[in-house]
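Structure first, commentary second.
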Amino acid sequence: MEKEPIFHRRDLAERLGTQLVSRVGASGMFVTAPRRTGKSTFIREDLIPLLLLEHSVEIVYADLWEDRSANPGDVIVGAIKDRLLRYDGIVMRAAKASGVDKIKVGGLEMSLDRVGFGKGETLTKALRILAQAAGKPVVMVIDEAQHSQSSEEGRQALYALKAARDALNASDGPGFRLLATGSNSDKLATLVDDKDQAFYQAPMVSLPVLGRPYLEWLRGQQLYEPKPSIESMEMAFQMCNHRPEPLNKVLSEFSLQTGIDASEIDQALQKAIVKSMARARSIFEQQINALSPLDAAVLKVMAQQGARFAPYAKHSYEAYREFINRETSETQIEINQSTVQQALERLRALQMIWRAGRGSYAIEDSQHIDWLKEIM
Ligand SMILES: Nc1ncnc2c1ncn2[C@@H]1O[C@H](COP(=O)(O)OP(=O)(O)OP(=O)(O)O)[C@@H](O)[C@H]1O
Ligand SMILES: [Mg+2]
């Protein structure tokens, strides 16, 4: 199968890469952008290759969103172990020969099985050994880092990474950098503001959305005639909130259609995008209508209150009640800490919201916030 071509953002990767390895990046770096706008693609296709090539670092990459059922803590530990195993030859040979799972590098020894939290081998030690085996500083990249907050192990992994960061960046340490991505939300700030967090005082960088150069490249990829003008593509891209997917879908439909006149193609693109956005919105509205009155009310109040959302505050209870009364004449719906908490859990299971730390929640997709506000 042909792989989807990628538009590379080399300048951006260079700028970020340089910042990350400089002193500015020592406390970590947080790259944010709205959902589906190209964070992971940029990290995987541009930033990591550049870091490997030009900054000669060892990369540990953990994607906390890829396997949603996996515990974020395990994913982080697993990623570090995986990298250690790549040094099979150097690190493991002695260990395997003797039938034990011990790793020994330059006077440091540890058991690979016991890397984790409270299991004997700390992440600091594992990362130190990795740096030594690689002979390079280590950069840990965590994609969708906000999900670390969804489990106790995930939170512990971040504490452990903070300890590792401080130890490995000490004057005699090998050097360590932490780079994380997250979808744009004020709630990510909790990871940066809390002094116990790995990203304490880390700069938040918003990743620029794909722009005109990307669209020019994308237009060049369209191998049919007539094709939409660049201006019309820019307008369409803006309408889908700078997300490549809806635009790609419409363009690929064009490639299958014949008989569109050159004078009509721009208009056809606008129409198709409007239709596609309306469809996405109506699917979302159906989802909202299928929720129980309390769940829908909680979601709407979250959209309304934004970063200030306080699930158990009196004024929030009143707001839930108001939304419920608008939707149903049922008066038996109980609103208390336990029912609200259950509602939040159900919304989380549906992946409409995520938990950004203890008692603090945020709506997953900023597009949903806009739509919710419009239907309130
Ligand atoms: N530079 C690019 N060139 C071509 N396609 C891109 C590029 N960046 C993103 N895309 C496309 O846009 C879609 C979303 O990209 P990606 O998964 O990287 O976004 P994301 O911000 O990480 O999303 P999520 O919020 O779900 O994590 C994918 O289909 C991807 O192929
Ligand atoms: Mg992603």
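The chains in the structure tokens are called A, B, ... from first to last as shown; in each chain the residues are counted from 1, and the ligands are counted from 1 in the order shown.
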
Open item on the list: Hey, which residues sit close to ligand 1? Say within 7 Å, counting only C-alpha atoms and all ligand atoms, and write them as number ranges by chain.
Closed with: A: 4-9, 33-42, 144, 183, 243-245

Selection export as a PDB file, in the first residue's frame, atoms kept: N, CA and C atoms:
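What follows is the written file selection-v2.pdb:
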```
ATOM      1  N   GLU A   4       0.756   7.484   2.993  1.00  0.00           N
ATOM      2  CA  GLU A   4       0.297   8.854   2.825  1.00  0.00           C
ATOM      3  C   GLU A   4       1.486   9.807   2.851  1.00  0.00           C
ATOM      4  N   PRO A   5       1.587  10.676   1.839  1.00  0.00           N
ATOM      5  CA  PRO A   5       2.733  11.572   1.832  1.00  0.00           C
ATOM      6  C   PRO A   5       2.626  12.632   2.938  1.00  0.00           C
ATOM      7  N   ILE A   6       3.772  13.084   3.387  1.00  0.00           N
ATOM      8  CA  ILE A   6       3.833  14.036   4.501  1.00  0.00           C
ATOM      9  C   ILE A   6       4.454  15.344   4.027  1.00  0.00           C
ATOM     10  N   PHE A   7       3.877  16.413   4.456  1.00  0.00           N
ATOM     11  CA  PHE A   7       4.484  17.715   4.215  1.00  0.00           C
ATOM     12  C   PHE A   7       5.428  18.006   5.382  1.00  0.00           C
ATOM     13  N   HIS A   8       6.700  18.234   5.076  1.00  0.00           N
ATOM     14  CA  HIS A   8       7.676  18.396   6.153  1.00  0.00           C
ATOM     15  C   HIS A   8       7.837  19.845   6.583  1.00  0.00           C
ATOM     16  N   ARG A   9       7.971  20.030   7.892  1.00  0.00           N
ATOM     17  CA  ARG A   9       8.168  21.379   8.429  1.00  0.00           C
ATOM     18  C   ARG A   9       9.533  21.441   9.094  1.00  0.00           C
ATOM     19  N   ALA A  33      -1.406  22.023  20.587  1.00  0.00           N
ATOM     20  CA  ALA A  33      -2.162  22.406  19.394  1.00  0.00           C
ATOM     21  C   ALA A  33      -3.511  21.714  19.467  1.00  0.00           C
ATOM     22  N   PRO A  34      -4.522  22.258  18.805  1.00  0.00           N
ATOM     23  CA  PRO A  34      -5.837  21.606  18.856  1.00  0.00           C
ATOM     24  C   PRO A  34      -5.809  20.199  18.280  1.00  0.00           C
ATOM     25  N   ARG A  35      -6.840  19.427  18.575  1.00  0.00           N
ATOM     26  CA  ARG A  35      -6.932  18.051  18.101  1.00  0.00           C
ATOM     27  C   ARG A  35      -6.838  17.957  16.591  1.00  0.00           C
ATOM     28  N   ARG A  36      -6.232  16.892  16.115  1.00  0.00           N
ATOM     29  CA  ARG A  36      -6.175  16.527  14.693  1.00  0.00           C
ATOM     30  C   ARG A  36      -5.546  17.578  13.788  1.00  0.00           C
ATOM     31  N   THR A  37      -4.641  18.385  14.333  1.00  0.00           N
ATOM     32  CA  THR A  37      -4.035  19.400  13.468  1.00  0.00           C
ATOM     33  C   THR A  37      -2.582  19.064  13.122  1.00  0.00           C
ATOM     34  N   GLY A  38      -2.094  17.897  13.553  1.00  0.00           N
ATOM     35  CA  GLY A  38      -0.784  17.482  13.085  1.00  0.00           C
ATOM     36  C   GLY A  38       0.337  17.445  14.113  1.00  0.00           C
ATOM     37  N   LYS A  39      -0.003  17.375  15.403  1.00  0.00           N
ATOM     38  CA  LYS A  39       1.047  17.318  16.432  1.00  0.00           C
ATOM     39  C   LYS A  39       1.902  16.066  16.286  1.00  0.00           C
ATOM     40  N   SER A  40       1.222  14.909  16.302  1.00  0.00           N
ATOM     41  CA  SER A  40       1.976  13.656  16.280  1.00  0.00           C
ATOM     42  C   SER A  40       2.783  13.513  15.001  1.00  0.00           C
ATOM     43  N   THR A  41       2.173  13.905  13.902  1.00  0.00           N
ATOM     44  CA  THR A  41       2.885  13.807  12.621  1.00  0.00           C
ATOM     45  C   THR A  41       4.166  14.638  12.674  1.00  0.00           C
ATOM     46  N   PHE A  42       4.041  15.857  13.171  1.00  0.00           N
ATOM     47  CA  PHE A  42       5.211  16.725  13.249  1.00  0.00           C
ATOM     48  C   PHE A  42       6.286  16.136  14.163  1.00  0.00           C
ATOM     49  N   GLU A 144       0.622  13.251  23.847  1.00  0.00           N
ATOM     50  CA  GLU A 144      -0.650  13.330  24.598  1.00  0.00           C
ATOM     51  C   GLU A 144      -0.416  13.119  26.091  1.00  0.00           C
ATOM     52  N   SER A 183      -3.289  18.334  23.620  1.00  0.00           N
ATOM     53  CA  SER A 183      -4.276  19.115  22.883  1.00  0.00           C
ATOM     54  C   SER A 183      -4.511  20.394  23.659  1.00  0.00           C
ATOM     55  N   ARG A 243      -7.686  21.300  10.038  1.00  0.00           N
ATOM     56  CA  ARG A 243      -7.514  19.852  10.143  1.00  0.00           C
ATOM     57  C   ARG A 243      -7.400  19.267   8.745  1.00  0.00           C
ATOM     58  N   PRO A 244      -6.304  18.577   8.471  1.00  0.00           N
ATOM     59  CA  PRO A 244      -6.126  18.032   7.118  1.00  0.00           C
ATOM     60  C   PRO A 244      -7.190  17.012   6.713  1.00  0.00           C
ATOM     61  N   GLU A 245      -7.709  16.249   7.675  1.00  0.00           N
ATOM     62  CA  GLU A 245      -8.558  15.117   7.287  1.00  0.00           C
ATOM     63  C   GLU A 245      -9.821  15.472   6.500  1.00  0.00           C
TER      64      GLU A 245
END
```

TODO: Return the single residue from A:Asp11, A:Glu334, A:Glu225, A:Glu153 that is closest to Thr258 in chain A, with distances computed using only C-alpha atoms.
DONE: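 That would be A:Glu225, the residue with the smallest distance to Thr258 in chain A.
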
Open item on the list: Between A:Ala349, A:Ile288, A:Leu20, A:Ile142, which residue has the minimum interatomic distance to ligand 2, considering only C-alpha atoms and all ligand atoms?
Closed with: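 Of A:Ala349, A:Ile288, A:Leu20, A:Ile142, the one nearest ligand 2, counting only C-alpha atoms and all ligand atoms, is A:Ile142.
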
Open item on the list: Restricting the calculation to only C-alpha atoms: of A:Asn325, A:Ser338, A:Thr32, A:Gln351, which residue gets closest to Ala297 in chain A?
Closed with: A:Asn325

From the DSSP assignment of the backbone, select every residue of range 125-187 of chain A that is alpha helix (DSSP H), and format the answer as a PDB file with C-alpha atoms, in the first residue's frame.
```
ATOM      1  CA  LYS A 125      18.541   4.626  37.064  1.00  0.00           C
ATOM      2  CA  ALA A 126      17.006   3.154  33.926  1.00  0.00           C
ATOM      3  CA  LEU A 127      17.466   6.418  32.044  1.00  0.00           C
ATOM      4  CA  ARG A 128      20.994   6.843  33.353  1.00  0.00           C
ATOM      5  CA  ILE A 129      21.914   3.391  32.112  1.00  0.00           C
ATOM      6  CA  LEU A 130      20.275   4.126  28.780  1.00  0.00           C
ATOM      7  CA  ALA A 131      22.290   7.331  28.394  1.00  0.00           C
ATOM      8  CA  GLN A 132      25.435   5.435  29.232  1.00  0.00           C
ATOM      9  CA  ALA A 133      24.739   2.570  26.844  1.00  0.00           C
ATOM     10  CA  ALA A 134      23.910   5.033  24.060  1.00  0.00           C
ATOM     11  CA  GLU A 152      -2.318   6.952  39.550  1.00  0.00           C
ATOM     12  CA  GLU A 153       0.595   5.150  37.837  1.00  0.00           C
ATOM     13  CA  GLY A 154       0.610   7.790  35.127  1.00  0.00           C
ATOM     14  CA  ARG A 155       0.867  10.530  37.706  1.00  0.00           C
ATOM     15  CA  GLN A 156       3.622   8.631  39.465  1.00  0.00           C
ATOM     16  CA  ALA A 157       5.466   8.210  36.192  1.00  0.00           C
ATOM     17  CA  LEU A 158       5.538  11.976  35.825  1.00  0.00           C
ATOM     18  CA  TYR A 159       6.857  12.461  39.362  1.00  0.00           C
ATOM     19  CA  ALA A 160       9.492   9.849  38.616  1.00  0.00           C
ATOM     20  CA  LEU A 161      10.419  11.627  35.395  1.00  0.00           C
ATOM     21  CA  LYS A 162      10.815  14.873  37.273  1.00  0.00           C
ATOM     22  CA  ALA A 163      13.260  13.204  39.639  1.00  0.00           C
ATOM     23  CA  ALA A 164      15.087  11.694  36.656  1.00  0.00           C
ATOM     24  CA  ARG A 165      15.163  15.030  34.883  1.00  0.00           C
ATOM     25  CA  ASP A 166      16.749  16.755  37.859  1.00  0.00           C
ATOM     26  CA  ALA A 167      19.271  13.976  38.468  1.00  0.00           C
ATOM     27  CA  LEU A 168      20.327  13.553  34.859  1.00  0.00           C
TER      28      LEU A 168
END
```

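Restricting the calculation to only C-alpha atoms and all ligand atoms, the smallest distance between ligand 2 and any of A:Val77, A:Val57, A:Leu112, A:Ala180 is found for A:Ala180.
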
- [ ] Find the residues near Glu66 in chain A: any atom within 10 Å, counting only C-alpha atoms, skip ones fewer than 4 places away on the same chain, and give them as number ranges by chain.
- [x] A: 62, 70, 75, 143-144

Residues near Val250 in chain A, anyone? I mean within 7 Å using only C-alpha atoms, not counting same-chain ones fewer than 3 positions away, as a PDB file with C-alpha atoms, in the first residue's frame.
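Output file around18.pdb is given in full below:
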```
ATOM      1  CA  PRO A 246     -11.845  16.721   6.230  1.00  0.00           C
ATOM      2  CA  LEU A 247     -10.094  18.625   3.451  1.00  0.00           C
ATOM      3  CA  GLU A 253     -13.837  12.737  -3.705  1.00  0.00           C
ATOM      4  CA  PHE A 254     -13.064  15.384  -6.314  1.00  0.00           C
ATOM      5  CA  ALA A 272     -18.464  20.163  -0.102  1.00  0.00           C
ATOM      6  CA  ILE A 273     -16.661  21.459   2.987  1.00  0.00           C
TER       7      ILE A 273
END
```

Task: Who sits within 12 Å of Gln287 in chain A, only C-alpha atoms, same chain under 2 positions skipped, as a VMD selection string - done: chain A and resid 280 to 285 289 to 292 295 to 296 299 347 350 to 352 368 372

TODO: Give the answer as one residue: which of A:Pro293, A:Gly359, A:Pro49, A:Gly25 has the shortest atom-to-atom distance to Arg10 in chain A, using only C-alpha atoms?
DONE: A:Pro49

- [ ] Work out how far apart CA of Arg279 in chain A and CA of Arg348 in chain A are and give it in Å to one decimal.
- [x]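 Interatomic distance, CA of Arg279 in chain A to CA of Arg348 in chain A: 23.5 Å.
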
- [ ] Considering only C-alpha atoms and all ligand atoms, state which residue in the set A:Ser252, A:Asn241, A:Thr181, A:Gln341 is at the smallest distance from ligand 2.
- [x]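 Distance minimum relative to ligand 2 lands on A:Thr181.
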
TODO: Apply DSSP to the structure's backbone, then extract all residues of range 29-132 of chain A labelled strand (DSSP E) and return them as a ChimeraX atom specification.
DONE: /A:29-33,58-63,102-105,108-111

Since we have the selection now, will you write its residues out, keeping N, CA and C atoms, as a CSV table (one decimal), in the first residue's frame?
```
chain,number,residue,atom,x,y,z
A,29,MET,N,9.5,20.8,27.9
A,29,MET,CA,8.9,21.6,26.9
A,29,MET,C,7.5,21.0,26.6
A,30,PHE,N,6.5,21.9,26.5
A,30,PHE,CA,5.2,21.4,26.2
A,30,PHE,C,4.7,22.0,24.9
A,31,VAL,N,4.4,21.1,24.0
A,31,VAL,CA,4.0,21.6,22.7
A,31,VAL,C,2.4,21.3,22.6
A,32,THR,N,1.7,22.4,22.4
A,32,THR,CA,0.2,22.2,22.3
A,32,THR,C,-0.3,22.7,21.0
A,33,ALA,N,-1.4,22.0,20.6
A,33,ALA,CA,-2.2,22.4,19.4
A,33,ALA,C,-3.5,21.7,19.5
A,58,GLU,N,19.6,10.3,22.3
A,58,GLU,CA,18.8,9.0,22.3
A,58,GLU,C,17.4,9.4,22.6
A,59,ILE,N,16.5,8.9,21.8
A,59,ILE,CA,15.1,9.2,21.9
A,59,ILE,C,14.2,8.1,22.5
A,60,VAL,N,13.5,8.4,23.5
A,60,VAL,CA,12.5,7.5,24.0
A,60,VAL,C,11.1,8.1,23.7
A,61,TYR,N,10.3,7.4,22.9
A,61,TYR,CA,9.0,7.9,22.5
A,61,TYR,C,7.8,7.1,23.1
A,62,ALA,N,7.0,7.8,23.8
A,62,ALA,CA,5.8,7.1,24.4
A,62,ALA,C,4.5,7.9,23.9
A,63,ASP,N,3.6,7.1,23.3
A,63,ASP,CA,2.3,7.7,22.9
A,63,ASP,C,1.2,7.3,23.8
A,102,LYS,N,19.7,-9.1,34.3
A,102,LYS,CA,20.4,-8.0,34.9
A,102,LYS,C,21.1,-7.2,33.8
A,103,ILE,N,21.1,-5.9,33.9
A,103,ILE,CA,21.8,-5.1,32.9
A,103,ILE,C,23.0,-4.4,33.6
A,104,LYS,N,24.1,-4.4,32.9
A,104,LYS,CA,25.3,-3.8,33.5
A,104,LYS,C,26.0,-3.0,32.5
A,105,VAL,N,26.1,-1.7,32.9
A,105,VAL,CA,26.8,-0.8,32.0
A,105,VAL,C,27.7,0.1,32.8
A,108,LEU,N,27.2,0.4,36.5
A,108,LEU,CA,25.8,0.5,36.9
A,108,LEU,C,25.1,-0.8,36.6
A,109,GLU,N,24.4,-1.3,37.5
A,109,GLU,CA,23.7,-2.6,37.3
A,109,GLU,C,22.2,-2.5,37.7
A,110,MET,N,21.4,-3.1,36.9
A,110,MET,CA,20.0,-3.1,37.3
A,110,MET,C,19.2,-4.3,36.7
A,111,SER,N,18.1,-4.6,37.3
A,111,SER,CA,17.2,-5.6,36.8
A,111,SER,C,16.1,-5.0,35.9
```
